[in-house]
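S.K.: Below is the file upload12.cif, which contains mmCIF, C-alpha atoms.
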data_data
loop_
_atom_site.group_PDB
_atom_site.id
_atom_site.type_symbol
_atom_site.label_atom_id
_atom_site.label_comp_id
_atom_site.auth_asym_id
_atom_site.auth_seq_id
_atom_site.Cartn_x
_atom_site.Cartn_y
_atom_site.Cartn_z
ATOM 1 C CA MET A 1 127.642 87.062 153.943
ATOM 2 C CA LYS A 2 126.283 90.618 153.823
ATOM 3 C CA ARG A 3 128.685 91.418 151.006
ATOM 4 C CA LEU A 4 127.581 88.382 149.104
ATOM 5 C CA LYS A 5 123.959 89.469 149.395
ATOM 6 C CA LYS A 6 124.884 92.888 148.047
ATOM 7 C CA VAL A 7 126.726 91.418 145.060
ATOM 8 C CA GLY A 8 123.806 89.114 144.439
ATOM 9 C CA LEU A 9 121.403 92.027 144.500
ATOM 10 C CA ILE A 10 123.529 94.035 142.067
ATOM 11 C CA ALA A 11 123.701 91.026 139.760
ATOM 12 C CA VAL A 12 119.916 90.652 139.776
ATOM 13 C CA VAL A 13 119.417 94.348 139.053
ATOM 14 C CA CYS A 14 121.914 94.231 136.194
ATOM 15 C CA LEU A 15 120.304 91.117 134.758
ATOM 16 C CA SER A 16 116.887 92.714 134.721
ATOM 17 C CA LEU A 17 118.352 95.849 133.136
ATOM 18 C CA VAL A 18 119.955 93.988 130.271
ATOM 19 C CA ALA A 19 117.151 91.495 129.681
ATOM 20 C CA CYS A 20 117.361 90.838 125.953
ATOM 21 C CA GLN A 21 113.691 90.415 125.115
ATOM 22 C CA GLY A 22 110.988 92.986 125.741
ATOM 23 C CA GLY A 23 107.547 91.427 125.767
ATOM 24 C CA VAL A 24 104.989 92.448 123.167
ATOM 25 C CA PRO A 25 101.760 93.553 124.893
ATOM 26 C CA LYS A 26 99.055 90.978 124.199
ATOM 27 C CA GLU A 27 96.606 93.561 122.903
ATOM 28 C CA ALA A 28 99.067 95.127 120.444
ATOM 29 C CA LEU A 29 97.838 93.115 117.456
ATOM 30 C CA GLU A 30 94.353 92.313 118.655
ATOM 31 C CA LEU A 31 91.223 94.002 117.359
ATOM 32 C CA SER A 32 89.952 95.897 120.391
ATOM 33 C CA PRO A 33 86.332 96.869 121.055
ATOM 34 C CA GLU A 34 87.480 100.448 120.409
ATOM 35 C CA SER A 35 88.765 99.502 116.938
ATOM 36 C CA LEU A 36 85.321 99.930 115.369
ATOM 37 C CA GLN A 37 84.781 103.274 117.095
ATOM 38 C CA GLN A 38 88.189 104.457 115.913
ATOM 39 C CA ARG A 39 87.451 103.315 112.377
ATOM 40 C CA GLN A 40 84.291 105.431 112.379
ATOM 41 C CA THR A 41 86.111 108.465 113.727
ATOM 42 C CA GLN A 42 88.897 108.164 111.171
ATOM 43 C CA THR A 43 86.824 107.289 108.092
ATOM 44 C CA ARG A 44 84.463 109.192 105.779
ATOM 45 C CA ARG A 45 82.545 108.036 102.722
ATOM 46 C CA PHE A 46 82.546 110.152 99.584
ATOM 47 C CA ASP A 47 80.044 109.715 96.754
ATOM 48 C CA THR A 48 82.560 109.398 93.955
ATOM 49 C CA ASN A 49 84.512 106.681 92.201
ATOM 50 C CA ASN A 50 87.289 109.131 91.377
ATOM 51 C CA GLU A 51 89.969 107.806 93.716
ATOM 52 C CA ALA A 52 92.728 109.848 92.080
ATOM 53 C CA LYS A 53 90.831 113.068 92.728
ATOM 54 C CA LEU A 54 90.404 112.197 96.415
ATOM 55 C CA LEU A 55 94.116 111.401 96.715
ATOM 56 C CA THR A 56 95.144 114.639 94.994
ATOM 57 C CA SER A 57 92.879 116.663 97.261
ATOM 58 C CA GLY A 58 94.185 114.725 100.261
ATOM 59 C CA ALA A 59 97.759 115.607 99.314
ATOM 60 C CA GLN A 60 96.731 119.268 98.920
ATOM 61 C CA VAL A 61 95.151 119.362 102.389
ATOM 62 C CA LEU A 62 98.214 117.698 103.951
ATOM 63 C CA GLN A 63 100.412 120.300 102.263
ATOM 64 C CA ASP A 64 98.118 123.070 103.525
ATOM 65 C CA LEU A 65 98.691 121.705 107.028
ATOM 66 C CA GLY A 66 102.466 121.799 106.563
ATOM 67 C CA PHE A 67 103.067 118.077 106.177
ATOM 68 C CA THR A 68 105.857 116.725 103.981
ATOM 69 C CA VAL A 69 104.741 113.833 101.823
ATOM 70 C CA GLU A 70 107.127 110.941 102.524
ATOM 71 C CA ASP A 71 105.677 108.199 100.364
ATOM 72 C CA SER A 72 102.693 107.544 98.154
ATOM 73 C CA GLU A 73 101.296 104.728 96.053
ATOM 74 C CA THR A 74 98.335 105.720 93.927
ATOM 75 C CA LYS A 75 97.738 102.127 92.814
ATOM 76 C CA LEU A 76 96.899 101.269 96.425
ATOM 77 C CA GLY A 77 95.428 104.636 97.393
ATOM 78 C CA MET A 78 98.034 105.632 99.964
ATOM 79 C CA ILE A 79 99.776 108.831 101.050
ATOM 80 C CA ALA A 80 102.148 108.983 104.034
ATOM 81 C CA ALA A 81 103.306 112.329 105.385
ATOM 82 C CA SER A 82 104.944 113.826 108.449
ATOM 83 C CA LYS A 83 105.937 117.113 110.069
ATOM 84 C CA ASP A 84 108.409 118.129 112.775
ATOM 85 C CA ARG A 85 107.125 120.759 115.170
ATOM 86 C CA ASP A 86 107.655 122.391 118.544
ATOM 87 C CA ALA A 87 106.087 120.437 121.437
ATOM 88 C CA THR A 88 106.505 122.928 124.275
ATOM 89 C CA GLU A 89 103.371 123.360 126.391
ATOM 90 C CA THR A 90 102.997 126.322 128.747
ATOM 91 C CA GLY A 91 101.435 124.273 131.564
ATOM 92 C CA GLN A 92 104.320 121.843 131.498
ATOM 93 C CA VAL A 93 106.900 124.663 131.502
ATOM 94 C CA VAL A 94 105.292 126.248 134.586
ATOM 95 C CA GLY A 95 105.153 122.858 136.313
ATOM 96 C CA ALA A 96 108.806 122.174 135.478
ATOM 97 C CA ILE A 97 109.890 125.545 136.868
ATOM 98 C CA LEU A 98 107.995 124.987 140.128
ATOM 99 C CA LEU A 99 109.394 121.470 140.458
ATOM 100 C CA ALA A 100 112.902 122.764 139.698
ATOM 101 C CA ILE A 101 112.601 125.343 142.493
ATOM 102 C CA LEU A 102 111.424 122.669 144.941
ATOM 103 C CA THR A 103 113.956 120.014 144.016
ATOM 104 C CA LYS A 104 116.807 122.308 142.915
ATOM 105 C CA GLN A 105 117.138 120.089 139.832
ATOM 106 C CA ALA A 106 116.580 121.040 136.224
ATOM 107 C CA GLN A 107 113.471 119.279 134.872
ATOM 108 C CA ALA A 108 113.120 117.953 131.332
ATOM 109 C CA ILE A 109 110.088 119.209 129.444
ATOM 110 C CA ASP A 110 108.611 118.290 126.081
ATOM 111 C CA ASP A 111 110.594 119.948 123.324
ATOM 112 C CA LYS A 112 110.078 118.559 119.823
ATOM 113 C CA GLN A 113 107.556 116.297 118.119
ATOM 114 C CA LYS A 114 107.202 114.387 114.874
ATOM 115 C CA ILE A 115 103.619 113.951 113.727
ATOM 116 C CA SER A 116 102.978 111.312 111.095
ATOM 117 C CA VAL A 117 99.839 110.625 109.132
ATOM 118 C CA SER A 118 98.641 108.164 106.539
ATOM 119 C CA LEU A 119 95.715 108.779 104.233
ATOM 120 C CA ILE A 120 94.155 105.734 102.573
ATOM 121 C CA THR A 121 91.467 105.685 99.912
ATOM 122 C CA ARG A 122 89.400 102.584 99.232
ATOM 123 C CA PRO A 123 86.682 102.165 96.606
ATOM 124 C CA ILE A 124 83.760 100.248 98.143
ATOM 125 C CA SER A 125 81.292 100.342 95.271
ATOM 126 C CA ALA A 126 81.005 101.738 91.759
ATOM 127 C CA LYS A 127 79.972 105.102 93.225
ATOM 128 C CA GLU A 128 81.547 105.318 96.660
ATOM 129 C CA THR A 129 85.051 105.643 98.061
ATOM 130 C CA LEU A 130 86.191 105.567 101.677
ATOM 131 C CA VAL A 131 88.948 107.779 103.010
ATOM 132 C CA ARG A 132 90.620 106.813 106.269
ATOM 133 C CA VAL A 133 93.207 109.015 107.884
ATOM 134 C CA THR A 134 95.312 108.225 110.982
ATOM 135 C CA PHE A 135 97.608 110.506 112.965
ATOM 136 C CA GLN A 136 100.245 109.608 115.572
ATOM 137 C CA ARG A 137 103.255 111.302 117.116
ATOM 138 C CA VAL A 138 106.592 110.932 118.900
ATOM 139 C CA VAL A 139 107.600 113.610 121.416
ATOM 140 C CA TRP A 140 111.168 114.262 122.598
ATOM 141 C CA ASN A 141 112.014 116.184 125.770
ATOM 142 C CA THR A 142 114.724 118.791 126.272
ATOM 143 C CA ARG A 143 117.209 115.993 127.113
ATOM 144 C CA GLY A 144 116.603 114.429 123.719
ATOM 145 C CA GLN A 145 114.781 111.428 125.224
ATOM 146 C CA VAL A 146 111.513 110.115 123.814
ATOM 147 C CA SER A 147 108.825 111.220 126.263
ATOM 148 C CA LYS A 148 105.681 110.149 124.386
ATOM 149 C CA THR A 149 104.765 107.789 121.557
ATOM 150 C CA GLU A 150 101.034 107.924 121.027
ATOM 151 C CA PRO A 151 98.149 107.743 118.599
ATOM 152 C CA LEU A 152 96.262 111.008 118.166
ATOM 153 C CA ASP A 153 92.633 110.039 118.543
ATOM 154 C CA ASP A 154 90.744 113.174 119.449
ATOM 155 C CA PRO A 155 87.562 113.008 117.275
ATOM 156 C CA LYS A 156 87.687 116.797 116.804
ATOM 157 C CA LEU A 157 91.015 116.482 114.997
ATOM 158 C CA TYR A 158 89.440 114.111 112.473
ATOM 159 C CA GLN A 159 86.279 116.193 112.064
ATOM 160 C CA ASP A 160 88.401 119.234 111.243
ATOM 161 C CA PHE A 161 90.583 117.300 108.839
ATOM 162 C CA PHE A 162 87.611 115.913 106.916
ATOM 163 C CA ALA A 163 85.973 119.347 106.829
ATOM 164 C CA LYS A 164 89.078 120.614 105.030
ATOM 165 C CA LEU A 165 89.212 117.599 102.728
ATOM 166 C CA SER A 166 85.530 117.967 101.940
ATOM 167 C CA GLU A 167 86.067 121.620 100.996
ATOM 168 C CA SER A 168 89.080 120.767 98.877
ATOM 169 C CA VAL A 169 87.342 117.999 96.925
ATOM 170 C CA PHE A 170 83.960 119.837 96.636
ATOM 171 C CA LEU A 171 82.170 116.773 98.009
ATOM 172 C CA THR A 172 80.400 115.978 101.242
ATOM 173 C CA ALA A 173 82.218 113.755 103.709
ATOM 174 C CA ASN A 174 79.621 111.284 104.969
ATOM 175 C CA GLU A 175 79.896 109.384 108.219
ATOM 176 C CA ILE A 176 80.199 105.646 107.740
ATOM 177 C CA MET B 1 140.526 87.307 149.837
ATOM 178 C CA THR B 2 141.515 90.938 149.861
ATOM 179 C CA ASN B 3 139.063 93.717 149.342
ATOM 180 C CA THR B 4 140.578 94.649 145.967
ATOM 181 C CA VAL B 5 140.123 91.150 144.607
ATOM 182 C CA LYS B 6 136.499 91.136 145.724
ATOM 183 C CA LYS B 7 135.887 94.505 144.138
ATOM 184 C CA THR B 8 137.491 93.409 140.874
ATOM 185 C CA ALA B 9 135.442 90.230 140.852
ATOM 186 C CA CYS B 10 132.281 92.228 141.444
ATOM 187 C CA ALA B 11 133.116 94.653 138.636
ATOM 188 C CA ALA B 12 133.933 91.776 136.294
ATOM 189 C CA LEU B 13 130.610 90.118 137.114
ATOM 190 C CA VAL B 14 128.695 93.310 136.406
ATOM 191 C CA VAL B 15 130.522 93.829 133.098
ATOM 192 C CA LEU B 16 129.876 90.226 132.125
ATOM 193 C CA LEU B 17 126.171 90.574 132.870
ATOM 194 C CA LEU B 18 125.927 93.832 130.989
ATOM 195 C CA ALA B 19 127.665 92.369 127.983
ATOM 196 C CA GLY B 20 125.852 89.045 128.277
ATOM 197 C CA CYS B 21 123.619 89.686 125.289
ATOM 198 C CA GLN B 22 126.064 90.616 122.582
ATOM 199 C CA THR B 23 129.739 91.254 122.062
ATOM 200 C CA ASP B 24 129.580 92.993 118.688
ATOM 201 C CA SER B 25 126.462 95.004 117.854
ATOM 202 C CA ARG B 26 127.258 94.666 114.137
ATOM 203 C CA ASP B 27 126.278 91.003 114.423
ATOM 204 C CA GLN B 28 122.680 92.267 114.443
ATOM 205 C CA VAL B 29 122.788 92.975 110.685
ATOM 206 C CA LEU B 30 122.322 89.355 109.678
ATOM 207 C CA ALA B 31 121.066 88.026 112.995
ATOM 208 C CA THR B 32 118.013 85.849 113.547
ATOM 209 C CA SER B 33 117.532 83.750 116.640
ATOM 210 C CA GLU B 34 114.772 81.453 115.404
ATOM 211 C CA SER B 35 115.736 79.169 112.548
ATOM 212 C CA GLN B 36 114.995 80.679 109.132
ATOM 213 C CA VAL B 37 112.487 77.987 108.241
ATOM 214 C CA ALA B 38 110.619 78.131 111.544
ATOM 215 C CA LEU B 39 110.433 81.900 111.418
ATOM 216 C CA ARG B 40 109.166 81.934 107.836
ATOM 217 C CA SER B 41 106.324 79.568 108.665
ATOM 218 C CA ILE B 42 105.354 81.593 111.750
ATOM 219 C CA GLN B 43 105.212 84.750 109.659
ATOM 220 C CA SER B 44 103.473 83.406 106.528
ATOM 221 C CA ARG B 45 99.958 82.427 105.499
ATOM 222 C CA VAL B 46 98.429 81.479 102.165
ATOM 223 C CA PHE B 47 95.098 82.802 100.893
ATOM 224 C CA ASP B 48 92.946 81.375 98.080
ATOM 225 C CA THR B 49 93.004 84.461 95.888
ATOM 226 C CA THR B 50 95.110 85.788 93.029
ATOM 227 C CA ASP B 51 94.106 89.428 93.465
ATOM 228 C CA LYS B 52 97.309 90.853 94.906
ATOM 229 C CA ALA B 53 96.203 94.501 94.786
ATOM 230 C CA LYS B 54 93.004 93.737 96.692
ATOM 231 C CA THR B 55 94.974 91.677 99.207
ATOM 232 C CA GLN B 56 97.336 94.607 99.732
ATOM 233 C CA ARG B 57 94.453 97.031 100.212
ATOM 234 C CA THR B 58 92.942 94.669 102.781
ATOM 235 C CA ILE B 59 96.297 94.436 104.568
ATOM 236 C CA ILE B 60 96.440 98.241 104.734
ATOM 237 C CA ALA B 61 92.882 98.391 106.135
ATOM 238 C CA THR B 62 93.700 95.697 108.714
ATOM 239 C CA LEU B 63 96.855 97.509 109.820
ATOM 240 C CA GLN B 64 94.786 100.680 110.224
ATOM 241 C CA ASP B 65 92.198 98.784 112.280
ATOM 242 C CA LEU B 66 95.038 97.609 114.531
ATOM 243 C CA GLY B 67 96.135 101.214 115.075
ATOM 244 C CA PHE B 68 99.026 101.413 112.632
ATOM 245 C CA VAL B 69 99.934 104.426 110.511
ATOM 246 C CA ILE B 70 101.084 103.342 107.050
ATOM 247 C CA ASP B 71 104.626 104.507 106.238
ATOM 248 C CA LYS B 72 105.245 103.005 102.816
ATOM 249 C CA ALA B 73 103.483 100.916 100.201
ATOM 250 C CA ASP B 74 104.609 99.554 96.857
ATOM 251 C CA ALA B 75 102.188 97.760 94.561
ATOM 252 C CA THR B 76 104.976 96.388 92.327
ATOM 253 C CA LEU B 77 107.014 94.918 95.174
ATOM 254 C CA GLY B 78 103.866 93.987 97.052
ATOM 255 C CA THR B 79 105.086 95.477 100.321
ATOM 256 C CA VAL B 80 103.415 97.612 102.977
ATOM 257 C CA SER B 81 105.275 99.039 105.988
ATOM 258 C CA ALA B 82 103.574 100.601 108.975
ATOM 259 C CA THR B 83 104.272 101.868 112.497
ATOM 260 C CA LYS B 84 102.161 101.768 115.636
ATOM 261 C CA LEU B 85 102.981 104.161 118.464
ATOM 262 C CA ASN B 86 101.241 103.483 121.766
ATOM 263 C CA GLY B 87 103.759 103.900 124.539
ATOM 264 C CA TYR B 88 105.951 101.660 122.382
ATOM 265 C CA ALA B 89 106.968 101.593 118.735
ATOM 266 C CA MET B 90 105.968 98.568 116.707
ATOM 267 C CA ARG B 91 107.021 98.416 113.065
ATOM 268 C CA MET B 92 105.687 95.908 110.616
ATOM 269 C CA THR B 93 106.335 95.007 106.976
ATOM 270 C CA VAL B 94 103.793 92.847 105.182
ATOM 271 C CA SER B 95 104.587 91.467 101.754
ATOM 272 C CA VAL B 96 102.386 89.733 99.219
ATOM 273 C CA ARG B 97 103.471 87.388 96.445
ATOM 274 C CA ASP B 98 102.098 84.712 94.155
ATOM 275 C CA HIS B 99 101.962 81.216 95.602
ATOM 276 C CA GLY B 100 101.420 78.848 92.692
ATOM 277 C CA THR B 101 98.780 79.925 90.207
ATOM 278 C CA LYS B 102 95.733 80.075 92.460
ATOM 279 C CA GLN B 103 97.007 81.426 95.743
ATOM 280 C CA THR B 104 98.697 84.430 97.338
ATOM 281 C CA LEU B 105 101.281 84.212 100.086
ATOM 282 C CA VAL B 106 101.271 86.909 102.758
ATOM 283 C CA ARG B 107 104.307 87.323 104.970
ATOM 284 C CA ALA B 108 104.525 89.670 107.934
ATOM 285 C CA SER B 109 107.590 90.606 109.936
ATOM 286 C CA ALA B 110 107.544 92.915 112.901
ATOM 287 C CA GLN B 111 109.754 94.544 115.471
ATOM 288 C CA TYR B 112 108.815 95.767 118.922
ATOM 289 C CA ASN B 113 110.960 98.724 119.986
ATOM 290 C CA GLN B 114 114.483 97.403 119.308
ATOM 291 C CA THR B 115 113.605 93.706 119.177
ATOM 292 C CA ALA B 116 112.466 91.426 116.367
ATOM 293 C CA ILE B 117 109.191 89.675 117.143
ATOM 294 C CA GLU B 118 109.765 85.935 116.820
ATOM 295 C CA ASP B 119 106.975 84.755 119.081
ATOM 296 C CA PRO B 120 104.149 83.097 117.046
ATOM 297 C CA LEU B 121 101.277 84.720 118.991
ATOM 298 C CA PRO B 122 101.450 88.306 117.621
ATOM 299 C CA TYR B 123 101.552 86.911 114.073
ATOM 300 C CA GLN B 124 98.583 84.626 114.776
ATOM 301 C CA GLN B 125 96.666 87.645 116.027
ATOM 302 C CA PHE B 126 97.571 89.665 112.947
ATOM 303 C CA PHE B 127 96.472 86.913 110.563
ATOM 304 C CA THR B 128 93.251 86.379 112.518
ATOM 305 C CA ALA B 129 92.418 90.044 111.974
ATOM 306 C CA LEU B 130 93.454 89.841 108.304
ATOM 307 C CA GLU B 131 91.360 86.694 107.723
ATOM 308 C CA LYS B 132 88.253 88.490 108.940
ATOM 309 C CA ALA B 133 88.878 91.442 106.644
ATOM 310 C CA MET B 134 89.671 89.193 103.661
ATOM 311 C CA PHE B 135 86.575 87.012 104.193
ATOM 312 C CA LEU B 136 88.972 84.142 103.455
ATOM 313 C CA THR B 137 90.694 81.476 105.523
ATOM 314 C CA ALA B 138 94.416 81.750 106.060
ATOM 315 C CA HIS B 139 96.238 78.486 105.388
ATOM 316 C CA ASP B 140 99.675 77.551 106.634
ATOM 317 C CA ALA B 141 102.245 77.796 103.887
ATOM 318 C CA ASP B 142 103.959 74.501 103.084
#
Is it possible to give me this structure as structure tokens?
M.R.:
Amino acid sequence: MKRLKKVGLIAVVCLSLVACQGGVPKEALELSPESLQQRQTQTRRFDTNNEAKLLTSGAQVLQDLGFTVEDSETKLGMIAASKDRDATETGQVVGAILLAILTKQAQAIDDKQKISVSLITRPISAKETLVRVTFQRVVWNTRGQVSKTEPLDDPKLYQDFFAKLSESVFLTANEI
Amino acid sequence: MTNTVKKTACAALVVLLLAGCQTDSRDQVLATSESQVALRSIQSRVFDTTDKAKTQRTIIATLQDLGFVIDKADATLGTVSATKLNGYAMRMTVSVRDHGTKQTLVRASAQYNQTAIEDPLPYQQFFTALEKAMFLTAHDAD
């Protein structure tokens, strides 16, 4: 009987491991209360109807920041770019070393990251165009496993980006 | 029953459970679990507009509002692909095409990590968000 219980337990564990469907979180495609806040952080209004100029300057700034342009569609006002960089953080390394000493086991730490960005322009009137930029990243640890997949939503990041874009296009980036 | 037999049976059971989902991973290339027709209607809506470019721009804005980063867009093909990373990876392709002479058909297809999304709810949510941005009602495609 004990054996049977064990086998049963193993079967249950296996079943849950190989469950075919992963559920989509309910909020994944829902407009959240933070959506509006994020839109404001990620968007600036420029007093120009020259969408091409904004896109060109956007591409320049992305290049300045070391991004590789992966795709673009000027007819829709879109540039997509990415860069692969080191993701090692000193604090994490120190933590991993301490933990390794305590547990006598090598600890995985963040190793590499891929940062992707899309820059979208959108004319809203005869004299104004919006630019919205969004960053996100995937981080892999030293074992080659994905350790983080996350949006990058620090407002400072966006302020700095738009300051550069504003300089590049010789126009003021207005808050929306 | 000897111990060996029991052990073998146990191992066989485990293997069976592990392999329960698929026997040849290449079958995934042309695989869909929902019927084609059902899936298409879940993923499609029709809007009363003929402005495809504007529809595509609105789709891009909606995807951005939902936290996606746009990966690719093609005005000629009418497609937009985007990825959302938030502890998971959700990829979505939204295409736009003429539907008769007065309407535009929008179709979205998405995957969540390694699985195709075939549940109607996420698509309903997407089209609800798109409707608001379009200032138009989304009709079911017939």
S.K.: When the PyMOL selection byres ((chain B and resi 134) around 9) is applied to the structure above, which residues does it catch, written out as a list in words?
M.R.: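 So the PyMOL selection byres ((chain B and resi 134) around 9), applied here, picks out Phe47, Lys54, Thr55, Thr58, Ile59, Ala129, Leu130, Glu131, Lys132, Ala133, Phe135, Leu136 and Thr137 of chain B.
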S.K.: Run the PyMOL selection byres ((chain B) within 9 of (chain A)) mentally over the shown coordinates, then write out the matched residues as a PyMOL selection string, using the chain letters and numbers from the document.
M.R.: chain B and resi 10+13-14+17-21+53-54+56-57+60-61+63-75+84-90+112-117+119+121-126+128-129
S.K.: Could those selected residues go to a file with C-alpha atoms, as an mmCIF file, in the frame of the given file?
M.R.:
data_model
loop_
_atom_site.group_PDB
_atom_site.id
_atom_site.type_symbol
_atom_site.label_atom_id
_atom_site.label_comp_id
_atom_site.auth_asym_id
_atom_site.auth_seq_id
_atom_site.Cartn_x
_atom_site.Cartn_y
_atom_site.Cartn_z
ATOM 1 C CA CYS B 10 132.281 92.228 141.444
ATOM 2 C CA LEU B 13 130.610 90.118 137.114
ATOM 3 C CA VAL B 14 128.695 93.310 136.406
ATOM 4 C CA LEU B 17 126.171 90.574 132.870
ATOM 5 C CA LEU B 18 125.927 93.832 130.989
ATOM 6 C CA ALA B 19 127.665 92.369 127.983
ATOM 7 C CA GLY B 20 125.852 89.045 128.277
ATOM 8 C CA CYS B 21 123.619 89.686 125.289
ATOM 9 C CA ALA B 53 96.203 94.501 94.786
ATOM 10 C CA LYS B 54 93.004 93.737 96.692
ATOM 11 C CA GLN B 56 97.336 94.607 99.732
ATOM 12 C CA ARG B 57 94.453 97.031 100.212
ATOM 13 C CA ILE B 60 96.440 98.241 104.734
ATOM 14 C CA ALA B 61 92.882 98.391 106.135
ATOM 15 C CA LEU B 63 96.855 97.509 109.820
ATOM 16 C CA GLN B 64 94.786 100.680 110.224
ATOM 17 C CA ASP B 65 92.198 98.784 112.280
ATOM 18 C CA LEU B 66 95.038 97.609 114.531
ATOM 19 C CA GLY B 67 96.135 101.214 115.075
ATOM 20 C CA PHE B 68 99.026 101.413 112.632
ATOM 21 C CA VAL B 69 99.934 104.426 110.511
ATOM 22 C CA ILE B 70 101.084 103.342 107.050
ATOM 23 C CA ASP B 71 104.626 104.507 106.238
ATOM 24 C CA LYS B 72 105.245 103.005 102.816
ATOM 25 C CA ALA B 73 103.483 100.916 100.201
ATOM 26 C CA ASP B 74 104.609 99.554 96.857
ATOM 27 C CA ALA B 75 102.188 97.760 94.561
ATOM 28 C CA LYS B 84 102.161 101.768 115.636
ATOM 29 C CA LEU B 85 102.981 104.161 118.464
ATOM 30 C CA ASN B 86 101.241 103.483 121.766
ATOM 31 C CA GLY B 87 103.759 103.900 124.539
ATOM 32 C CA TYR B 88 105.951 101.660 122.382
ATOM 33 C CA ALA B 89 106.968 101.593 118.735
ATOM 34 C CA MET B 90 105.968 98.568 116.707
ATOM 35 C CA TYR B 112 108.815 95.767 118.922
ATOM 36 C CA ASN B 113 110.960 98.724 119.986
ATOM 37 C CA GLN B 114 114.483 97.403 119.308
ATOM 38 C CA THR B 115 113.605 93.706 119.177
ATOM 39 C CA ALA B 116 112.466 91.426 116.367
ATOM 40 C CA ILE B 117 109.191 89.675 117.143
ATOM 41 C CA ASP B 119 106.975 84.755 119.081
ATOM 42 C CA LEU B 121 101.277 84.720 118.991
ATOM 43 C CA PRO B 122 101.450 88.306 117.621
ATOM 44 C CA TYR B 123 101.552 86.911 114.073
ATOM 45 C CA GLN B 124 98.583 84.626 114.776
ATOM 46 C CA GLN B 125 96.666 87.645 116.027
ATOM 47 C CA PHE B 126 97.571 89.665 112.947
ATOM 48 C CA THR B 128 93.251 86.379 112.518
ATOM 49 C CA ALA B 129 92.418 90.044 111.974
#
S.K.: If you take every atom of region 77-89 of chain B that the file lists and fit an axis-aligned box around them with 5 Å extra on each side, what centre and edge lengths come out in Å to one decimal, as JSON?
M.R.:
{"center_x": 104.1, "center_y": 99.1, "center_z": 109.9, "size_x": 15.8, "size_y": 20.2, "size_z": 39.4}
S.K.: Hey, can you check how far CA of Asp154 (chain A) sits from CA of Thr93 (chain B)?
M.R.: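 Between CA of Asp154 (chain A) and CA of Thr93 (chain B) the gap is 27.0 Å.
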S.K.: Which distance in Å separates CA of Phe162 (chain A) and CA of Arg44 (chain A), to one decimal?
M.R.: 7.5 Å
S.K.: Between CA of Ser81 (chain B) and CA of Asn174 (chain A), what is the spacing in Å?
M.R.: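 If I compute the distance from CA of Asn174 (chain A) to CA of Ser81 (chain B), I get 28.4 Å.
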S.K.: Pick the closest to Ile176 (chain A) from A:Leu98, A:Ala163, A:Ile124, A:Val139: which is it, counting all atoms listed in the file?
M.R.: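 Under the stated criterion, the closest residue is A:Ile124.
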S.K.: Once N, CA, C and O atoms are restored for region 59-68 of chain B, what would the output be as a PDB file, in the coordinates of the input?
M.R.:
ATOM      1  N   ILE B  59      95.227  94.401 103.561  1.00  0.00           N
ATOM      2  CA  ILE B  59      96.297  94.436 104.568  1.00  0.00           C
ATOM      3  C   ILE B  59      96.403  95.848 105.150  1.00  0.00           C
ATOM      4  O   ILE B  59      96.487  96.026 106.372  1.00  0.00           O
ATOM      5  N   ILE B  60      96.359  96.845 104.272  1.00  0.00           N
ATOM      6  CA  ILE B  60      96.440  98.241 104.734  1.00  0.00           C
ATOM      7  C   ILE B  60      95.278  98.543 105.687  1.00  0.00           C
ATOM      8  O   ILE B  60      95.479  99.102 106.768  1.00  0.00           O
ATOM      9  N   ALA B  61      94.061  98.133 105.293  1.00  0.00           N
ATOM     10  CA  ALA B  61      92.882  98.391 106.135  1.00  0.00           C
ATOM     11  C   ALA B  61      93.008  97.683 107.486  1.00  0.00           C
ATOM     12  O   ALA B  61      92.667  98.249 108.530  1.00  0.00           O
ATOM     13  N   THR B  62      93.534  96.451 107.466  1.00  0.00           N
ATOM     14  CA  THR B  62      93.700  95.697 108.714  1.00  0.00           C
ATOM     15  C   THR B  62      94.716  96.381 109.628  1.00  0.00           C
ATOM     16  O   THR B  62      94.492  96.529 110.829  1.00  0.00           O
ATOM     17  N   LEU B  63      95.835  96.812 109.029  1.00  0.00           N
ATOM     18  CA  LEU B  63      96.855  97.509 109.820  1.00  0.00           C
ATOM     19  C   LEU B  63      96.255  98.777 110.446  1.00  0.00           C
ATOM     20  O   LEU B  63      96.510  99.091 111.605  1.00  0.00           O
ATOM     21  N   GLN B  64      95.425  99.477 109.674  1.00  0.00           N
ATOM     22  CA  GLN B  64      94.786 100.680 110.224  1.00  0.00           C
ATOM     23  C   GLN B  64      93.840 100.321 111.367  1.00  0.00           C
ATOM     24  O   GLN B  64      93.807 101.014 112.382  1.00  0.00           O
ATOM     25  N   ASP B  65      93.090  99.224 111.202  1.00  0.00           N
ATOM     26  CA  ASP B  65      92.198  98.784 112.280  1.00  0.00           C
ATOM     27  C   ASP B  65      92.986  98.469 113.549  1.00  0.00           C
ATOM     28  O   ASP B  65      92.498  98.660 114.651  1.00  0.00           O
ATOM     29  N   LEU B  66      94.213  97.980 113.376  1.00  0.00           N
ATOM     30  CA  LEU B  66      95.038  97.609 114.531  1.00  0.00           C
ATOM     31  C   LEU B  66      95.801  98.810 115.083  1.00  0.00           C
ATOM     32  O   LEU B  66      96.624  98.673 115.981  1.00  0.00           O
ATOM     33  N   GLY B  67      95.546  99.993 114.529  1.00  0.00           N
ATOM     34  CA  GLY B  67      96.135 101.214 115.075  1.00  0.00           C
ATOM     35  C   GLY B  67      97.468 101.612 114.458  1.00  0.00           C
ATOM     36  O   GLY B  67      98.193 102.407 115.030  1.00  0.00           O
ATOM     37  N   PHE B  68      97.772 101.049 113.299  1.00  0.00           N
ATOM     38  CA  PHE B  68      99.026 101.413 112.632  1.00  0.00           C
ATOM     39  C   PHE B  68      98.826 102.618 111.713  1.00  0.00           C
ATOM     40  O   PHE B  68      97.737 102.808 111.156  1.00  0.00           O
TER      41      PHE B  68
END
